[in-house]
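For reference, final_24.txt (compact mmCIF, C-alpha atoms and all ligand atoms):
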# COMPACT_ATOMS: atom_id res chain seq x y z
CA MET H 1 143.98 86.47 89.79
CA SER H 2 145.73 84.11 92.19
CA GLN H 3 143.79 82.79 95.17
CA ASN H 4 145.82 84.89 97.58
CA GLN H 5 145.55 88.09 95.66
CA ALA H 6 143.78 90.93 97.40
CA VAL H 7 140.54 92.14 95.85
CA LYS H 8 141.05 95.47 94.11
CA THR H 9 138.37 97.96 93.18
CA THR H 10 138.43 101.41 91.65
CA GLU H 11 137.91 104.28 94.05
CA VAL H 12 134.65 105.87 93.01
CA LEU H 13 133.36 109.22 94.21
CA LEU H 14 130.01 108.09 95.55
CA LEU H 15 127.57 110.93 94.97
CA GLY H 16 124.47 108.79 94.60
CA PRO H 17 121.76 108.18 97.20
CA GLY H 18 124.12 105.88 99.12
CA PRO H 19 126.52 104.40 99.91
CA SER H 20 128.68 107.48 100.33
CA ASN H 21 132.44 107.57 100.81
CA SER H 22 133.39 106.89 104.37
CA PHE H 23 135.06 109.22 106.87
CA PRO H 24 138.84 109.17 107.25
CA GLY H 25 140.09 106.31 109.38
CA VAL H 26 137.11 104.02 108.78
CA LEU H 27 138.65 101.65 106.25
CA GLN H 28 141.89 101.56 108.21
CA ALA H 29 140.03 100.67 111.41
CA MET H 30 138.27 97.86 109.54
CA SER H 31 141.54 96.20 108.64
CA GLU H 32 142.38 95.56 112.32
CA PRO H 33 142.34 91.90 113.37
CA ALA H 34 139.02 90.35 114.30
CA LEU H 35 137.98 89.99 117.92
CA SER H 36 135.47 87.49 119.16
CA HIS H 37 132.05 88.95 119.84
CA LEU H 38 132.37 88.29 123.60
CA ASP H 39 136.01 89.33 123.93
CA SER H 40 136.34 91.90 126.70
CA ASP H 41 138.00 94.39 124.33
CA PHE H 42 135.17 93.98 121.84
CA LEU H 43 132.55 94.54 124.53
CA LYS H 44 134.23 97.85 125.34
CA ILE H 45 133.98 98.78 121.68
CA MET H 46 130.24 97.99 121.74
CA ASP H 47 129.80 100.20 124.81
CA GLU H 48 131.53 103.10 123.09
CA VAL H 49 129.49 102.55 119.92
CA LYS H 50 126.30 102.72 121.98
CA GLU H 51 127.35 105.90 123.75
CA ASN H 52 128.17 107.54 120.43
CA LEU H 53 124.88 106.42 118.88
CA GLN H 54 123.00 108.03 121.76
CA TYR H 55 124.90 111.23 120.99
CA LEU H 56 124.02 110.97 117.29
CA PHE H 57 120.33 110.18 117.84
CA ARG H 58 120.11 112.83 120.58
CA THR H 59 118.66 110.36 123.05
CA ILE H 60 119.44 108.99 126.46
CA SER H 61 117.50 105.80 125.76
CA PRO H 62 119.43 102.69 126.80
CA HIS H 63 117.58 100.80 124.03
CA THR H 64 119.98 102.16 121.44
CA TYR H 65 122.25 99.92 119.41
CA ILE H 66 123.24 98.46 116.09
CA VAL H 67 121.35 95.68 114.40
CA SER H 68 123.78 93.72 112.22
CA GLY H 69 122.27 94.28 108.79
CA PRO H 70 121.34 97.04 106.33
CA GLY H 71 118.92 99.89 106.91
CA SER H 72 116.09 97.63 105.72
CA LEU H 73 116.73 95.34 108.69
CA GLY H 74 116.47 98.37 110.97
CA MET H 75 113.09 99.06 109.38
CA GLU H 76 111.94 95.45 109.86
CA THR H 77 113.17 95.51 113.46
CA CYS H 78 110.95 98.46 114.32
CA PHE H 79 107.86 97.01 112.65
CA VAL H 80 108.27 93.41 113.78
CA ASN H 81 108.57 94.47 117.42
CA LEU H 82 105.91 97.14 117.58
CA ILE H 83 103.08 95.70 115.50
CA GLU H 84 100.77 93.04 116.77
CA HIS H 85 98.15 91.61 114.46
CA GLY H 86 95.29 94.09 114.09
CA ASP H 87 97.10 97.13 115.55
CA LYS H 88 96.04 100.26 113.73
CA ILE H 89 98.82 102.31 112.14
CA ILE H 90 98.90 105.48 110.07
CA THR H 91 101.55 105.09 107.37
CA CYS H 92 102.77 108.36 105.84
CA GLN H 93 103.66 107.76 102.19
CA ASN H 94 105.18 110.27 99.81
CA GLY H 95 107.83 108.16 98.10
CA PHE H 96 109.43 104.77 97.61
CA PHE H 97 110.56 104.29 101.22
CA GLY H 98 107.29 105.41 102.79
CA ASP H 99 105.71 102.72 100.61
CA ARG H 100 108.22 100.20 101.94
CA MET H 101 107.25 101.07 105.52
CA HIS H 102 103.64 100.51 104.52
CA GLU H 103 104.58 97.13 103.07
CA ASN H 104 106.21 96.17 106.39
CA ALA H 105 103.12 97.19 108.35
CA LYS H 106 100.95 95.12 105.99
CA ARG H 107 103.13 92.01 106.31
CA TYR H 108 103.03 92.13 110.11
CA GLY H 109 99.23 92.24 110.07
CA ALA H 110 98.50 95.87 110.93
CA GLU H 111 95.26 97.59 110.09
CA ILE H 112 96.46 100.46 107.95
CA VAL H 113 95.36 104.02 107.38
CA GLN H 114 97.36 105.64 104.61
CA VAL H 115 98.23 109.33 104.53
CA LYS H 116 99.71 110.16 101.16
CA ALA H 117 101.29 113.08 99.36
CA ASP H 118 102.49 113.28 95.77
CA TRP H 119 106.12 112.41 95.06
CA GLY H 120 108.09 115.64 95.48
CA LYS H 121 105.75 117.02 98.19
CA PRO H 122 105.92 116.59 101.98
CA ILE H 123 103.25 114.94 104.11
CA ALA H 124 100.71 117.61 105.11
CA LEU H 125 100.21 118.00 108.89
CA LYS H 126 96.49 118.60 108.43
CA ASP H 127 96.14 115.23 106.66
CA VAL H 128 97.83 113.52 109.60
CA GLU H 129 95.56 115.32 112.07
CA GLU H 130 92.46 114.36 110.06
CA ALA H 131 93.55 110.72 109.93
CA PHE H 132 93.87 110.60 113.73
CA VAL H 133 90.49 112.28 114.21
CA ALA H 134 88.88 109.74 111.86
CA HIS H 135 90.74 106.84 113.53
CA PRO H 136 91.07 107.58 117.27
CA ASP H 137 92.07 103.97 117.99
CA THR H 138 95.36 104.36 116.07
CA LYS H 139 98.33 103.00 118.01
CA LEU H 140 101.25 103.80 115.71
CA LEU H 141 102.38 106.14 112.98
CA SER H 142 105.26 105.68 110.53
CA VAL H 143 107.07 108.33 108.52
CA VAL H 144 110.29 108.77 106.55
CA SER H 145 112.37 111.73 107.65
CA ALA H 146 114.46 112.11 104.48
CA GLU H 147 112.65 110.51 101.51
CA THR H 148 115.57 109.38 99.35
CA SER H 149 113.43 108.68 96.30
CA THR H 150 112.39 112.33 95.93
CA GLY H 151 114.71 114.51 98.02
CA VAL H 152 111.84 115.67 100.26
CA LYS H 153 112.18 116.39 103.98
CA ASN H 154 109.09 115.51 106.00
CA ASP H 155 108.24 117.55 109.09
CA VAL H 156 108.93 114.75 111.56
CA GLU H 157 108.77 117.07 114.56
CA GLY H 158 105.31 118.38 113.56
CA ILE H 159 103.98 114.93 112.66
CA ALA H 160 105.26 113.42 115.91
CA LYS H 161 103.61 116.21 117.92
CA ILE H 162 100.23 115.28 116.41
CA ALA H 163 100.81 111.56 116.95
CA LYS H 164 101.77 112.13 120.61
CA ARG H 165 98.65 114.22 121.17
CA HIS H 166 96.62 111.24 119.94
CA GLY H 167 98.57 108.74 122.04
CA ALA H 168 100.33 106.94 119.19
CA LEU H 169 103.91 105.68 119.01
CA VAL H 170 106.04 107.11 116.20
CA ILE H 171 108.31 105.03 113.95
CA VAL H 172 110.79 107.08 111.94
CA ASP H 173 112.97 106.12 109.00
CA ALA H 174 116.20 108.09 109.47
CA VAL H 175 118.24 106.14 106.91
CA THR H 176 119.16 109.23 104.88
CA ALA H 177 118.62 111.67 107.75
CA LEU H 178 120.97 110.56 110.51
CA GLY H 179 124.10 112.70 110.70
CA ALA H 180 122.90 114.98 107.88
CA ILE H 181 119.87 116.93 109.09
CA PRO H 182 118.46 117.66 112.55
CA LEU H 183 116.87 114.65 114.19
CA GLU H 184 115.95 115.01 117.87
CA VAL H 185 114.77 111.64 119.11
CA ASP H 186 114.05 112.62 122.72
CA LYS H 187 112.98 116.23 122.19
CA TRP H 188 110.52 115.30 119.42
CA GLY H 189 109.26 112.19 121.25
CA LEU H 190 110.19 109.63 118.59
CA ASP H 191 109.65 106.02 119.68
CA ALA H 192 111.42 103.77 117.21
CA VAL H 193 114.01 105.18 114.85
CA TYR H 194 116.30 103.30 112.50
CA SER H 195 119.07 104.28 110.14
CA CYS H 196 121.96 102.83 108.17
CA SER H 197 125.73 103.07 108.39
CA GLN H 198 126.63 103.99 104.80
CA LYS H 199 125.30 107.51 104.34
CA GLY H 200 125.44 110.41 106.83
CA VAL H 201 127.08 108.15 109.41
CA GLY H 202 130.07 107.91 107.06
CA CYS H 203 130.86 104.21 107.35
CA VAL H 204 130.33 101.18 105.09
CA ALA H 205 126.98 99.42 104.63
CA GLY H 206 125.76 96.59 106.82
CA MET H 207 124.89 98.08 110.20
CA ALA H 208 121.56 99.57 111.21
CA PRO H 209 121.58 101.95 114.17
CA VAL H 210 118.22 101.74 115.99
CA THR H 211 116.76 103.35 119.08
CA PHE H 212 113.57 102.57 121.01
CA SER H 213 111.93 104.83 123.61
CA GLU H 214 110.80 103.47 127.00
CA SER H 215 107.17 103.59 125.77
CA ALA H 216 108.06 101.56 122.69
CA PHE H 217 110.05 99.09 124.76
CA GLU H 218 107.12 98.68 127.17
CA LYS H 219 104.79 97.95 124.26
CA VAL H 220 107.11 95.14 123.22
CA ILE H 221 107.32 93.73 126.76
CA ASN H 222 103.52 93.80 127.07
CA ARG H 223 102.78 92.11 123.75
CA ASN H 224 100.15 89.35 123.85
CA THR H 225 102.15 87.33 121.34
CA PRO H 226 105.92 86.89 121.11
CA VAL H 227 107.81 89.03 118.60
CA PRO H 228 107.66 86.83 115.47
CA SER H 229 111.42 87.21 114.81
CA TRP H 230 113.83 85.89 117.43
CA PHE H 231 116.86 87.63 115.91
CA GLN H 232 115.16 91.01 115.92
CA ASP H 233 113.34 90.72 119.22
CA VAL H 234 114.37 93.94 120.87
CA THR H 235 114.09 92.50 124.40
CA VAL H 236 116.67 89.85 123.47
CA TYR H 237 118.80 92.32 121.57
CA ASP H 238 118.70 94.69 124.50
CA LYS H 239 120.45 92.20 126.77
CA TYR H 240 123.19 91.78 124.18
CA TRP H 241 123.89 95.50 124.49
CA GLU H 242 123.69 95.73 128.26
CA THR H 243 126.83 96.70 130.11
CA ALA H 244 129.87 94.65 129.17
CA ALA H 245 129.95 92.79 132.51
CA LYS H 246 126.60 91.02 131.96
CA ARG H 247 126.51 90.48 128.23
CA PRO H 248 125.17 87.12 126.97
CA TYR H 249 125.75 85.68 123.50
CA HIS H 250 123.22 86.77 120.92
CA HIS H 251 124.91 86.52 117.54
CA THR H 252 128.43 86.72 116.16
CA ALA H 253 128.80 90.45 115.60
CA PRO H 254 130.94 91.44 112.59
CA SER H 255 133.76 92.92 114.64
CA GLN H 256 135.58 94.74 111.86
CA GLN H 257 132.41 96.53 110.84
CA TYR H 258 132.00 97.69 114.42
CA TYR H 259 135.55 99.09 114.40
CA GLY H 260 134.58 100.98 111.25
CA ILE H 261 131.45 102.50 112.69
CA LEU H 262 133.23 103.41 115.89
CA ALA H 263 135.84 105.32 113.87
CA ALA H 264 133.04 107.09 111.96
CA LEU H 265 131.14 107.93 115.14
CA ARG H 266 134.27 109.26 116.83
CA HIS H 267 134.81 111.46 113.78
CA ILE H 268 131.25 112.80 114.01
CA LYS H 269 131.65 113.56 117.70
CA SER H 270 134.91 115.36 117.09
CA VAL H 271 133.26 117.57 114.44
CA GLY H 272 130.10 118.02 116.53
CA ILE H 273 126.69 116.98 115.26
CA GLU H 274 125.34 120.52 114.96
CA ASN H 275 128.41 121.57 112.96
CA LEU H 276 127.86 118.59 110.70
CA TRP H 277 124.24 119.60 110.01
CA GLN H 278 125.50 123.11 109.25
CA GLN H 279 128.15 121.78 106.86
CA HIS H 280 125.48 119.89 104.94
CA GLU H 281 123.46 123.10 104.56
CA GLU H 282 126.44 125.17 103.43
CA VAL H 283 127.85 122.68 100.95
CA SER H 284 124.44 121.96 99.49
CA ALA H 285 123.78 125.70 99.06
CA TYR H 286 127.06 126.02 97.15
CA PHE H 287 126.14 123.01 95.02
CA ALA H 288 122.66 124.44 94.33
CA ASP H 289 124.06 127.81 93.19
CA GLU H 290 126.59 126.21 90.89
CA MET H 291 124.10 123.78 89.36
CA GLU H 292 121.47 126.48 88.80
CA LYS H 293 124.12 128.61 87.06
CA ARG H 294 124.59 125.67 84.71
CA GLY H 295 120.87 125.43 83.92
CA TRP H 296 119.93 122.56 86.22
CA ASN H 297 116.76 122.92 88.29
CA PHE H 298 115.61 121.23 91.47
CA PHE H 299 112.66 118.87 91.54
CA VAL H 300 111.77 119.89 95.09
CA GLU H 301 110.89 123.32 96.50
CA LYS H 302 113.54 124.90 98.71
CA THR H 303 111.48 124.93 101.93
CA TYR H 304 111.32 121.15 102.19
CA ARG H 305 114.40 120.18 100.16
CA LEU H 306 117.04 117.87 101.63
CA PRO H 307 120.59 119.26 101.61
CA GLN H 308 122.07 115.75 101.56
CA LEU H 309 120.00 114.34 98.68
CA ASN H 310 119.54 116.67 95.75
CA THR H 311 117.04 115.71 93.08
CA MET H 312 118.00 117.62 89.94
CA LEU H 313 115.80 117.63 86.84
CA LEU H 314 117.76 116.73 83.73
CA PRO H 315 118.10 119.70 81.35
CA GLU H 316 116.19 119.52 78.07
CA GLY H 317 117.81 117.00 75.70
CA PHE H 318 120.24 115.65 78.32
CA ASP H 319 120.73 111.89 78.04
CA ASP H 320 120.36 110.25 81.46
CA VAL H 321 122.11 106.92 80.82
CA GLN H 322 124.85 108.37 78.64
CA GLY H 323 125.56 111.06 81.24
CA ARG H 324 125.79 108.63 84.15
CA THR H 325 127.84 106.14 82.12
CA LYS H 326 130.35 108.83 81.19
CA LEU H 327 130.59 110.16 84.73
CA ARG H 328 131.32 106.69 86.07
CA GLY H 329 133.52 105.52 83.18
CA GLU H 330 135.65 108.61 82.63
CA TYR H 331 135.55 110.41 85.94
CA GLN H 332 134.85 107.62 88.48
CA ILE H 333 131.84 109.49 89.81
CA GLU H 334 128.53 107.87 90.66
CA VAL H 335 125.20 109.66 90.82
CA GLY H 336 121.78 108.06 91.29
CA ALA H 337 119.08 107.70 88.66
CA GLY H 338 115.45 108.69 89.23
CA LEU H 339 113.15 106.08 90.74
CA GLY H 340 109.67 105.05 89.61
CA ALA H 341 107.87 107.76 87.66
CA MET H 342 110.98 109.97 87.93
CA ALA H 343 113.24 107.49 86.08
CA GLY H 344 114.95 109.23 83.16
CA LYS H 345 113.77 112.64 84.42
CA LEU H 346 116.14 113.45 87.27
CA TRP H 347 119.36 112.58 89.02
CA ARG H 348 119.66 111.98 92.72
CA ILE H 349 122.89 113.53 93.91
CA GLY H 350 123.90 112.65 97.44
CA ILE H 351 126.29 114.82 99.44
CA MET H 352 126.92 112.77 102.56
CA GLY H 353 129.66 111.18 104.64
CA ALA H 354 133.15 112.22 103.57
CA ASN H 355 131.78 114.15 100.58
CA VAL H 356 130.34 117.11 102.45
CA ASN H 357 132.91 119.67 101.31
CA LYS H 358 133.33 122.18 98.50
CA ALA H 359 136.39 120.44 97.02
CA THR H 360 134.26 117.36 96.27
CA ILE H 361 131.55 119.51 94.71
CA ASP H 362 134.18 121.24 92.55
CA LYS H 363 135.40 117.86 91.33
CA PHE H 364 131.85 116.94 90.38
CA LEU H 365 131.27 120.30 88.64
CA GLN H 366 134.45 119.95 86.60
CA ALA H 367 133.19 116.59 85.36
CA ILE H 368 129.67 117.89 84.67
CA ASP H 369 131.14 120.71 82.60
CA LYS H 370 132.80 118.16 80.32
CA LEU H 371 129.75 115.96 79.72
C1 LIG S 401 114.93 106.30 103.29
C2 LIG S 401 115.48 104.90 103.15
N1 LIG S 401 114.96 103.92 103.89
C3 LIG S 401 115.44 102.65 103.83
C4 LIG S 401 116.47 102.33 102.98
C5 LIG S 401 117.01 100.94 102.95
O1 LIG S 401 118.33 100.92 103.41
P1 LIG S 401 119.35 99.74 103.00
O2 LIG S 401 119.55 99.85 101.53
O3 LIG S 401 120.58 100.02 103.80
O4 LIG S 401 118.68 98.47 103.38
C6 LIG S 401 117.03 103.32 102.18
C7 LIG S 401 118.14 103.01 101.25
O5 LIG S 401 118.69 103.83 100.59
C8 LIG S 401 116.53 104.64 102.27
O6 LIG S 401 117.05 105.63 101.53
Translate the structure of the given file into structure tokens.
Ligand SMILES: Cc1ncc(COP(=O)(O)O)c(C=O)c1O
Amino acid sequence: MSQNQAVKTTEVLLLGPGPSNSFPGVLQAMSEPALSHLDSDFLKIMDEVKENLQYLFRTISPHTYIVSGPGSLGMETCFVNLIEHGDKIITCQNGFFGDRMHENAKRYGAEIVQVKADWGKPIALKDVEEAFVAHPDTKLLSVVSAETSTGVKNDVEGIAKIAKRHGALVIVDAVTALGAIPLEVDKWGLDAVYSCSQKGVGCVAGMAPVTFSESAFEKVINRNTPVPSWFQDVTVYDKYWETAAKRPYHHTAPSQQYYGILAALRHIKSVGIENLWQQHEEVSAYFADEMEKRGWNFFVEKTYRLPQLNTMLLPEGFDDVQGRTKLRGEYQIEVGAGLGAMAGKLWRIGIMGANVNKATIDKFLQAIDKL
């Protein structure tokens, strides 16, 4: 390959847990020329991104923006700002990403109360209530909305209601939830919510949408100790996202990525967020019917199953690695393997971003039928 030659990759149908294929117009938007991070045109783009994120998160909070980094940086941003050494937090854990939230809380010096459920089951509301009753001095609670490791939907609305009643702030992982299933930041009283750009948002990886409530923001302002990370200090970040007229330098934002997410967010707004949630339900129901006809069963019960992340148990005698290798090698389709104890036992099939349509499912089914 000569030095000037463009990088070429194969177009893969991304039906794993993420990334997903991006919405139309995203890649094209990303090939526009770079703008400097304080260019007046770029500041307008940031303003529109913010407005669209508020629409997507269903919030009017001004503390809503993109942290330049993956979903994991969004997670770190919430924990690093909201936890001061010794703060008590209830961490809800029923999968790999709930455990990662717990790990964050531990590293920032929280006193932790764990509420657990088995992989494949949702967090029980009564366990959350009992934890608050046993620990009335709890200041925070963390929970994953869409647990990507298992395909389970946690009842974030119900959990948040309990946390609010006990005066705790609620941190929510919406990495696999945003854009795919209902998430009502203001209505449900969520205080710090983070996501990613490469799944339901329909863009490429590398940007973490986050939103903080006024109560969360006040907790940060009233900390006894400075936020241990300068880059992620939400009070500093907040100024960077103030109205274009006042904006100071914070960091060199990756302008092309912002063009991409703006194109994706405009697409979402044009479809309508409620329609998008509905599309996920309908396409997933079609997928479920077709897979069950073919002898595949779900790992998770229907009542708390995610439409956007389907965990399918491998049929008796089906070879996991051989199946995935053939799908990728012969049909350019990616699906996700099982994690942890579920490795070799199930596939994680994501239906997000540009892939939420029956034609994509049909393409997948045709390939499955030839395995
Ligand atoms: C629920 C959940 N939380 C956090 C993450 C981490 O996101 P990222 O890989 O963008 O850092 C993921 C990644 O898939 C996830 O599914």
* Asked: Skipping near chain neighbours, those fewer than 3 positions away, what residues fall within 9 Å of Tyr304 of chain H using all atoms listed in the file, listed as a PyMOL selection string?
  -> chain H and resi 121-122+151-155+300-301
* Name the residues in contact with segment 107-118 of chain H at a cut-off of 8 Å, using all atoms listed in the file, excluding same-chain residues fewer than 3 positions from it; report them as a count of residues only. => 25
* **Within 8 Å of ligand LIG 401 (chain S) (all atoms listed in the file), residues as a ChimeraX atom specification** => /H:17-19,69-75,97-98,100,144-149,173-177,195-198,205-208
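Nearest residue to Arg324 of chain H, choosing from H:Ile261, H:Ala29, H:Lys50, H:Ala337 and counting all atoms listed in the file: H:Ala337.
Comparing the minimum interatomic distances between Ser20 of chain H and each of H:Ile349, H:Val283, H:Ile368, H:Val236, counting only C-alpha atoms, we find that H:Ile349 sits nearest.
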Extract, using only C-alpha atoms, all DNA, RNA and protein residues at most 12 Å from Ala367 of chain H, discarding same-chain residues fewer than 3 positions from it, and format them as a compact mmCIF listing (two decimals) with C-alpha atoms, in the frame of the given file.
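So the final result, stored in part00.txt, reads:
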# COMPACT_ATOMS: atom_id res chain seq x y z
CA LEU H 13 133.36 109.22 94.21
CA GLY H 323 125.56 111.06 81.24
CA ARG H 324 125.79 108.63 84.15
CA LYS H 326 130.35 108.83 81.19
CA LEU H 327 130.59 110.16 84.73
CA ARG H 328 131.32 106.69 86.07
CA GLY H 329 133.52 105.52 83.18
CA GLU H 330 135.65 108.61 82.63
CA TYR H 331 135.55 110.41 85.94
CA GLN H 332 134.85 107.62 88.48
CA ILE H 333 131.84 109.49 89.81
CA GLU H 334 128.53 107.87 90.66
CA VAL H 335 125.20 109.66 90.82
CA THR H 360 134.26 117.36 96.27
CA ILE H 361 131.55 119.51 94.71
CA ASP H 362 134.18 121.24 92.55
CA LYS H 363 135.40 117.86 91.33
CA PHE H 364 131.85 116.94 90.38
CA LYS H 370 132.80 118.16 80.32
CA LEU H 371 129.75 115.96 79.72
* Residues within 7 Å of (114.8, 106.4, 94.1), file coords, all atoms listed in the file, listed as a list in words -> Phe96, Thr148, Ser149, Thr150, Gly338, Leu339 and Gly340 of chain H
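Considering all atoms listed in the file, the residue among H:Gly260, H:Asn310, H:Asp320, H:Asn275 positioned nearest to Leu27 of chain H is H:Gly260.
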* To do: Could you tell me how far atom CA of Gln5 of chain H lies from atom CA of Gln28 of chain H, in Å and to one decimal?
  => 18.8 Å
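Among the candidates H:Gln257, H:Asn355, H:Thr59, H:Ser215, the residue lying nearest to Lys139 of chain H is H:Ser215 (atoms considered: all atoms listed in the file).
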* Spatial neighbours of Thr211 of chain H, 8 Å, only C-alpha atoms, chain gap at least 3 places, as a list in words -> Phe57, Ser61, His63, Thr64, Tyr65, Asp191, Ala192, Val193 and Tyr194 of chain H
* Spatial neighbours of Gln278 of chain H, 12 Å, all atoms listed in the file, chain gap at least 2 places, as JSON, numbers by chain -> {"H": [179, 180, 181, 182, 271, 272, 273, 274, 275, 276, 280, 281, 282, 283, 284, 285, 307, 308, 356, 357]}
* Structure fact -> Computed gap from atom CA of Phe42 of chain H to atom CA of Cys203 of chain H is 18.3 Å
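Coordinates place atom CA of Asn224 of chain H at a distance of 20.7 Å from atom CA of Lys239 of chain H.
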Please, what is the axis-aligned box for every listed atom of segment 88-105 of chain H with 3 Å on each side, as centre and edge lengths in Å to one decimal, as JSON?
{"center_x": 103.3, "center_y": 103.2, "center_z": 105.7, "size_x": 20.5, "size_y": 20.1, "size_z": 22.1}
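Proximity to Arg223 of chain H was assessed for H:Leu82, H:Ala354, H:Val7, H:Leu53 counting all atoms listed in the file; the smallest distance is recorded for H:Leu82.
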* Asked: So which one's closest to Leu313 of chain H, H:Phe298, H:Trp230, H:Phe212, H:Phe23? Using all atoms listed in the file, please.
  -> H:Phe298
How would segment 94-100 of chain H read, as a CSV table (one decimal), keeping the file's coordinate frame, once all heavy atoms are built in?
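Listing of rebuild_38.csv after writing:
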chain,number,residue,atom,x,y,z
H,94,ASN,N,105.0,109.3,100.9
H,94,ASN,CA,105.2,110.3,99.8
H,94,ASN,C,106.4,109.9,99.0
H,94,ASN,O,107.1,110.8,98.5
H,94,ASN,CB,105.2,111.7,100.3
H,94,ASN,CG,106.3,111.9,101.4
H,94,ASN,OD1,106.7,111.0,102.1
H,94,ASN,ND2,106.8,113.1,101.6
H,95,GLY,N,106.7,108.6,98.9
H,95,GLY,CA,107.8,108.2,98.1
H,95,GLY,C,108.1,106.7,98.3
H,95,GLY,O,107.3,106.0,99.0
H,96,PHE,N,109.1,106.2,97.7
H,96,PHE,CA,109.4,104.8,97.6
H,96,PHE,C,109.6,104.2,99.0
H,96,PHE,O,109.1,103.0,99.3
H,96,PHE,CB,110.7,104.6,96.8
H,96,PHE,CG,111.2,103.3,96.6
H,96,PHE,CD1,110.8,102.5,95.5
H,96,PHE,CD2,112.1,102.7,97.4
H,96,PHE,CE1,111.2,101.2,95.2
H,96,PHE,CE2,112.6,101.4,97.2
H,96,PHE,CZ,112.1,100.7,96.1
H,97,PHE,N,110.3,104.9,99.9
H,97,PHE,CA,110.6,104.3,101.2
H,97,PHE,C,109.4,104.4,102.2
H,97,PHE,O,109.2,103.5,103.1
H,97,PHE,CB,111.9,104.9,101.8
H,97,PHE,CG,113.0,104.4,101.0
H,97,PHE,CD1,113.6,105.2,100.0
H,97,PHE,CD2,113.5,103.1,101.0
H,97,PHE,CE1,114.7,104.8,99.2
H,97,PHE,CE2,114.5,102.6,100.2
H,97,PHE,CZ,115.1,103.5,99.3
H,98,GLY,N,108.5,105.4,102.0
H,98,GLY,CA,107.3,105.4,102.8
H,98,GLY,C,106.4,104.2,102.4
H,98,GLY,O,105.8,103.6,103.2
H,99,ASP,N,106.5,103.9,101.1
H,99,ASP,CA,105.7,102.7,100.6
H,99,ASP,C,106.3,101.4,101.2
H,99,ASP,O,105.6,100.5,101.5
H,99,ASP,CB,105.8,102.6,99.1
H,99,ASP,CG,105.0,103.8,98.4
H,99,ASP,OD1,104.3,104.5,99.1
H,99,ASP,OD2,105.1,103.9,97.2
H,100,ARG,N,107.6,101.4,101.4
H,100,ARG,CA,108.2,100.2,101.9
H,100,ARG,C,107.8,100.0,103.4
H,100,ARG,O,107.6,98.9,103.9
H,100,ARG,CB,109.8,100.2,101.8
H,100,ARG,CG,110.4,98.9,102.1
H,100,ARG,CD,111.9,98.9,102.0
H,100,ARG,NE,112.4,98.9,100.6
H,100,ARG,CZ,113.7,98.8,100.3
H,100,ARG,NH1,114.6,98.7,101.2
H,100,ARG,NH2,114.0,98.7,99.0
